[in-house]
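Okay, so here's the structure we're looking at.
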Amino acid sequence: MTEWQRKRVEWRWRRATVRQELQARWSLRHVDKRGKRAIVLGSPIVDGSDMQVGDDFKVWSGHRTTLISGWGKLRFGDRVFVNVGTTIIAVEEIVVGDDVAFANDVYVMDSDSHGVEGRPHRQAPVRIGDGCWIGARAMILPGVSIGKRVLVAAGAVVTRDVPDDSLVAGNPARVVRQLTYPVGCRRAWHDEWCPCPKVAAVEDGGVEETA
């Protein structure tokens, strides 16, 4: 890559970042408390009436609209990412910890809205612990508390509490296995920007850190 090409890429990156920051100011204008460096790509619907978000909050909305709404309490920690098509609606309370990632088309709601067989509907707070990764099209139902660094598999329907450091899958979701992380690892989802120690090798179910 030539110097001119590099500068052109950098300029495009800065332009895109500024556009996403401005979109965040507009999309999150109803939020009661907004942390630093929020970024929004696309045009999500964000109109929670009691909503707070931490630093580095990211929302994407594209071919399927992302919806974050409700008159209940909505609390998002730092470095939370919400992907395309996800629906999060709070009637009572939904609390999301730090370093949580929602994949595309995830559904989270603290109320069933309607009962069946003449029974009243269920309504209870939902809590998602730090460092969780919620897979594509997973559903988290009312009253569920998910521990820290949990990986919810794609398509899972979570109907009951989930312990820390576990992988859950299925309908209803069940613990498939416990997850083992390097010392200091903060989240289930890992990429090149992850603050976790780099993993040099994985042998016999264990992990080894680089220096």
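A note on labels: chains of the structure tokens are A, B, ... as shown, every chain counts residues from 1, and ligands are counted from 1 in their shown order.
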I want to know what sits within 8 Å of segment 94-96 of chain A, based on only C-alpha atoms, with residues of the same chain fewer than 3 positions away left out; could you give that as an MDAnalysis selection string?
chainID A and resid 72:77 90 100 109:110 125:130
Using backbone DSSP assignments, extract all alpha helix (DSSP H) residues from segment 8-154 of chain A; output them as a list in words.
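DSSP on the backbone gives alpha helix (DSSP H) at Arg8, Val9, Glu10, Trp11, Arg12, Trp13, Arg14, Arg15, Ala16, Thr17, Val18, Arg19, Gln20, Glu21, Leu22, Gln23, Ala24, Arg25, Trp26 and Ser27 of chain A.
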Output of the above residues as a compact mmCIF listing (two decimals), in the first residue's frame, restricted to C-alpha atoms:
```
# COMPACT_ATOMS: atom_id res chain seq x y z
CA ARG A 8 -7.03 7.67 1.86
CA VAL A 9 -8.04 4.65 3.95
CA GLU A 10 -7.39 6.56 7.18
CA TRP A 11 -9.48 9.48 5.96
CA ARG A 12 -12.39 7.17 5.06
CA TRP A 13 -12.13 5.52 8.45
CA ARG A 14 -12.23 8.84 10.28
CA ARG A 15 -15.17 10.01 8.18
CA ALA A 16 -17.11 6.82 8.92
CA THR A 17 -16.33 7.09 12.65
CA VAL A 18 -17.51 10.70 12.83
CA ARG A 19 -20.72 9.79 10.99
CA GLN A 20 -21.38 6.92 13.42
CA GLU A 21 -20.72 9.17 16.43
CA LEU A 22 -23.18 11.76 15.12
CA GLN A 23 -25.73 9.02 14.47
CA ALA A 24 -25.25 7.85 18.07
CA ARG A 25 -26.06 11.33 19.39
CA TRP A 26 -29.31 11.31 17.44
CA SER A 27 -30.34 7.69 18.04
```
For Trp189 of chain A, find every residue with an atom within 10 Å (counting only C-alpha atoms), except residues of its own chain fewer than 6 positions away, and show them as a PyMOL selection string.
chain A and resi 99-101+131-134+149-151
Kindly indicate which residue among A:Ala154, A:Leu41, A:Leu141, A:Val59 lies nearest to Ile89 of chain A, using only C-alpha atoms for the distances.
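Checking each candidate against Ile89 of chain A, we get A:Leu141 as the closest.
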Set the distance at 7 Å and use only C-alpha atoms: which residues neighbour Ala124 of chain A once local chain neighbours fewer than 3 positions away are removed? I'd like the list as a list of chain:residue names.
A:Glu92, A:Asp110, A:Ser111, A:Pro142, A:Gly143
Non-local contacts of Ile45 of chain A (9 Å; only C-alpha atoms; under 5 positions in same chain excluded) as a short mmCIF file (atom, residue, chain, number, x, y, z; two decimals) with N, CA and C atoms, in the first residue's frame:
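That gives us around00.cif:
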```
data_model
loop_
_atom_site.label_atom_id
_atom_site.label_comp_id
_atom_site.auth_asym_id
_atom_site.auth_seq_id
_atom_site.Cartn_x
_atom_site.Cartn_y
_atom_site.Cartn_z
N SER A 27 -29.60 8.91 17.69
CA SER A 27 -30.34 7.69 18.04
C SER A 27 -30.50 7.54 19.56
N SER A 61 -27.70 -1.47 13.14
CA SER A 61 -29.05 -1.74 12.63
C SER A 61 -28.98 -1.69 11.12
N THR A 65 -34.27 -4.10 11.61
CA THR A 65 -34.14 -2.98 12.55
C THR A 65 -33.87 -3.48 13.97
N THR A 66 -32.93 -2.85 14.61
CA THR A 66 -32.64 -3.12 16.02
C THR A 66 -33.57 -2.27 16.88
N LEU A 67 -34.18 -2.90 17.91
CA LEU A 67 -35.15 -2.22 18.76
C LEU A 67 -34.75 -2.35 20.22
N ILE A 68 -34.57 -1.21 20.89
CA ILE A 68 -34.32 -1.17 22.34
C ILE A 68 -35.36 -0.23 22.92
N SER A 69 -36.29 -0.77 23.70
CA SER A 69 -37.46 0.01 24.06
C SER A 69 -38.05 -0.45 25.40
#
```
Which of A:Trp193, A:Lys33, A:Asn83, A:Ile88 sits closest to Val46 of chain A [using only C-alpha atoms]
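Distance minimum relative to Val46 of chain A lands on A:Ile88.
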Just the residues within 9 Å of Ala153 of chain A, please, counting only C-alpha atoms, with nothing from its chain fewer than 5 positions along; format it as JSON, numbers by chain.
{"A": [133, 134, 135, 136, 137, 138, 167, 168, 169, 170, 173]}
